[in-house]
Amino acid sequence: FRRIKGIKDWKSQDDVKAHSPGGNGLDYLTKYSKKEAWEMLTSPEWTRAIFVRDPRERVLSAYLDKGQKENASYVRGHCCPLYGKCQKHASNSFRGFLEIISLCEDPHWMPQTKRMESPYWKYINFVGHIENGEEDAKRLLKRIGAWDAYGKSGWGKSGKEPILASKGSVNHATMAGDHMGQYFNTPEIEAMVKQFYRGDYLNPLFEFKTTDG
């Protein structure tokens with residue numbers, strides 16, 4: 001979307017430029033009047049898209065990135081001031097990390113159903129999945145008429161690839177998908193994740209499947 005907006009450094013991987021509403025140069029609903037915003041939220045002429053990620057892979061990615069790197073310094077800074085000396089508990093095991101995040105809400109691991117209030121989910125008319133990022137991104141950009149100009153090429157190290165064609169651009173840097181069997185190795189772990197992300201599994205838009213069907 002930064003590329004579509006015409007921002008010169010749209011390829012930047014800097015967190016602020018890519019994700020911060022105050023620094024990425026993108027427009028948000030707060031820029032518009034209530035009438036305009038409501039039309040964007042409800043009119044069938046607008047595409048309201050969200051990309052979601054399988055809860056099991058997402059929480060494992062959060063553990064590998066936030067619970068393992070730099071001795072869980074992220075957990076120490078965001079959770080331990082509220083819940084005591086939790087850093088070691090979170091970094092020692094995947095189970096320990098799951099126990100800590102059940103008490104500490106954070107956008108990196110909170111259920112995706114909490115990204116907005118429940119009455120507004122019915123207005124979402126496009127759902128993409130991170131695991132199927134290349135195909136779903138193409139589907140979205142074609143839907144809004146932006147594929148040829150902004151998605152078909154210009155991406156990857158060569159600058160000639162379609163959007164999300166490179167494996168590293170689709171998978172999180174932790175490559176959590178390659179380590180699922182190593183960490184989801186007991187019924188207890190599966191049950192903890194299923195319970196924590198119950199709302200995600202129950203949201204029919206997401207079409208997430210649990211290991212027990």
# chains A, B, ... in the order shown; residues from 1 in each chain; ligands from 1
>>> residues_around(residues="Arg2 in chain A", least_positions_apart="5", cutoff="7 Å", atoms="only C-alpha atoms", output="CSV table (one decimal) with N, CA and C atoms, in the first residue's frame")
chain,number,residue,atom,x,y,z
A,7,ILE,N,4.9,6.4,-2.2
A,7,ILE,CA,5.9,6.7,-1.2
A,7,ILE,C,7.3,6.2,-1.8
A,10,TRP,N,9.1,2.9,-0.4
A,10,TRP,CA,8.1,1.9,-0.1
A,10,TRP,C,8.7,0.5,0.2
A,26,LEU,N,0.6,6.2,5.3
A,26,LEU,CA,-0.7,5.8,4.9
A,26,LEU,C,-1.8,6.5,5.5
>>> closest_atom_pairs(of="range 46-80 of chain A", to="range 131-140 of chain A", cutoff="8 Å", atoms="only C-alpha atoms", output="tab-separated table")
residue	atom	partner	partner_atom	distance
A:Ala49	CA	A:Leu140	CA	8.0
A:Arg53	CA	A:Glu131	CA	6.7
A:Asp54	CA	A:Glu131	CA	7.6
>>> select_by_dssp(residues="range 62-159 of chain A", states="alpha helix (DSSP H)", output="VMD selection string")
chain A and resid 62 73 to 78 80 to 83 87 to 92 94 to 101 133 to 143
>>> residues_around(residues="range 125-127 of chain A", least_positions_apart="6", cutoff="12 Å", atoms="only C-alpha atoms", output="list in words")
Met40, Leu41, Thr42, Ser43, Pro44, Glu45, Trp46, Thr47, Arg48, Ala49, Ile50, Phe51, Val52, Arg53, Gly133, Glu135, Asp136, Ala137, Arg139, Leu140, Leu141, Arg143, Ile144, Asn203, Pro204, Leu205, Phe206, Glu207 and Phe208 of chain A
>>> residues_around(residues="Ala90 in chain A", least_positions_apart="3", cutoff="8 Å", atoms="only C-alpha atoms", output="list in words")
Gly67, Ala72, Val75, Cys86, Gln87, Ser93, Phe94, Arg95, Gly96, Phe97, Leu98, Glu99 and Ile100 of chain A
>>> write_last_selection(atoms="N, CA, C and O atoms", output="CSV table (one decimal), in the first residue's frame")
chain,number,residue,atom,x,y,z
A,67,GLY,N,10.2,-14.6,22.6
A,67,GLY,CA,10.5,-15.4,23.8
A,67,GLY,C,11.9,-16.0,23.8
A,67,GLY,O,12.4,-16.5,24.9
A,72,ALA,N,14.7,-13.2,25.7
A,72,ALA,CA,13.3,-12.8,26.0
A,72,ALA,C,13.3,-11.3,26.5
A,72,ALA,O,12.4,-11.0,27.3
A,75,VAL,N,9.7,-9.8,26.2
A,75,VAL,CA,8.8,-10.2,27.2
A,75,VAL,C,9.1,-9.5,28.5
A,75,VAL,O,8.2,-9.0,29.2
A,86,CYS,N,9.1,-12.7,35.0
A,86,CYS,CA,8.5,-13.7,34.1
A,86,CYS,C,9.4,-14.1,32.9
A,86,CYS,O,9.2,-15.0,32.1
A,87,GLN,N,10.5,-13.3,32.7
A,87,GLN,CA,11.4,-13.5,31.6
A,87,GLN,C,11.9,-14.9,31.5
A,87,GLN,O,11.8,-15.5,30.4
A,93,SER,N,10.8,-22.4,28.1
A,93,SER,CA,10.0,-23.4,27.3
A,93,SER,C,8.9,-22.8,26.6
A,93,SER,O,8.4,-21.7,27.0
A,94,PHE,N,8.4,-23.4,25.6
A,94,PHE,CA,7.2,-23.0,24.8
A,94,PHE,C,6.0,-22.9,25.7
A,94,PHE,O,5.2,-22.0,25.7
A,95,ARG,N,5.9,-24.0,26.6
A,95,ARG,CA,4.8,-24.0,27.6
A,95,ARG,C,4.8,-22.8,28.5
A,95,ARG,O,3.8,-22.2,28.8
A,96,GLY,N,6.0,-22.5,29.0
A,96,GLY,CA,6.1,-21.3,29.9
A,96,GLY,C,5.7,-20.0,29.2
A,96,GLY,O,5.1,-19.1,29.7
A,97,PHE,N,6.1,-19.9,27.9
A,97,PHE,CA,5.7,-18.7,27.1
A,97,PHE,C,4.2,-18.6,27.0
A,97,PHE,O,3.6,-17.5,27.2
A,98,LEU,N,3.6,-19.8,26.7
A,98,LEU,CA,2.1,-19.8,26.6
A,98,LEU,C,1.4,-19.4,27.9
A,98,LEU,O,0.4,-18.7,27.9
A,99,GLU,N,2.0,-19.8,29.0
A,99,GLU,CA,1.5,-19.4,30.3
A,99,GLU,C,1.6,-17.9,30.6
A,99,GLU,O,0.7,-17.3,31.1
A,100,ILE,N,2.7,-17.3,30.2
A,100,ILE,CA,2.9,-15.9,30.4
A,100,ILE,C,2.0,-15.0,29.5
A,100,ILE,O,1.4,-14.1,29.9
>>> select_by_dssp(residues="chain A", states="strand (DSSP E)", output="VMD selection string")
chain A and resid 49 to 52 126 to 129
>>> write_last_selection(atoms="N, CA and C atoms", output="PDB file, in the first residue's frame")
ATOM      1  N   ALA A  49     -10.283  -5.605   3.539  1.00  0.00           N
ATOM      2  CA  ALA A  49      -9.475  -6.827   3.570  1.00  0.00           C
ATOM      3  C   ALA A  49      -8.714  -6.986   4.886  1.00  0.00           C
ATOM      4  N   ILE A  50      -8.489  -8.225   5.236  1.00  0.00           N
ATOM      5  CA  ILE A  50      -7.643  -8.548   6.372  1.00  0.00           C
ATOM      6  C   ILE A  50      -6.848  -9.800   6.023  1.00  0.00           C
ATOM      7  N   PHE A  51      -5.594  -9.827   6.457  1.00  0.00           N
ATOM      8  CA  PHE A  51      -4.778 -11.031   6.321  1.00  0.00           C
ATOM      9  C   PHE A  51      -4.568 -11.604   7.711  1.00  0.00           C
ATOM     10  N   VAL A  52      -4.808 -12.900   7.841  1.00  0.00           N
ATOM     11  CA  VAL A  52      -4.683 -13.561   9.137  1.00  0.00           C
ATOM     12  C   VAL A  52      -3.684 -14.709   9.015  1.00  0.00           C
ATOM     13  N   PHE A 126     -13.000  -9.535   2.326  1.00  0.00           N
ATOM     14  CA  PHE A 126     -11.855 -10.242   1.763  1.00  0.00           C
ATOM     15  C   PHE A 126     -10.967 -10.705   2.911  1.00  0.00           C
ATOM     16  N   VAL A 127     -10.685 -11.993   2.936  1.00  0.00           N
ATOM     17  CA  VAL A 127      -9.781 -12.559   3.949  1.00  0.00           C
ATOM     18  C   VAL A 127      -8.657 -13.302   3.243  1.00  0.00           C
ATOM     19  N   GLY A 128      -7.442 -12.889   3.524  1.00  0.00           N
ATOM     20  CA  GLY A 128      -6.268 -13.583   3.000  1.00  0.00           C
ATOM     21  C   GLY A 128      -5.553 -14.290   4.130  1.00  0.00           C
ATOM     22  N   HIS A 129      -4.751 -15.282   3.790  1.00  0.00           N
ATOM     23  CA  HIS A 129      -3.999 -16.029   4.790  1.00  0.00           C
ATOM     24  C   HIS A 129      -2.506 -15.880   4.526  1.00  0.00           C
TER      25      HIS A 129
END
>>> closest_residue(among="A:Ser61, A:Asn24, A:Ser166, A:Ser153", to="Asp178 in chain A", atoms="only C-alpha atoms")
A:Ser61
>>> residues_around(residues="Arg76 in chain A", least_positions_apart="5", cutoff="12 Å", atoms="only C-alpha atoms", output="list in words")
Lys66, Gly67, Gln68, Lys69, Glu70, Asn71, Pro81, Leu82, Tyr83, Gly84, Lys85, Cys86, Gln87, Lys88, His89, Ala90, Ser91, Phe97, Ile100, Ile101 and Cys104 of chain A
>>> closest_residue(among="A:Asp106, A:Tyr123, A:Arg56, A:Pro187", to="Lys209 in chain A", atoms="only C-alpha atoms")
A:Arg56
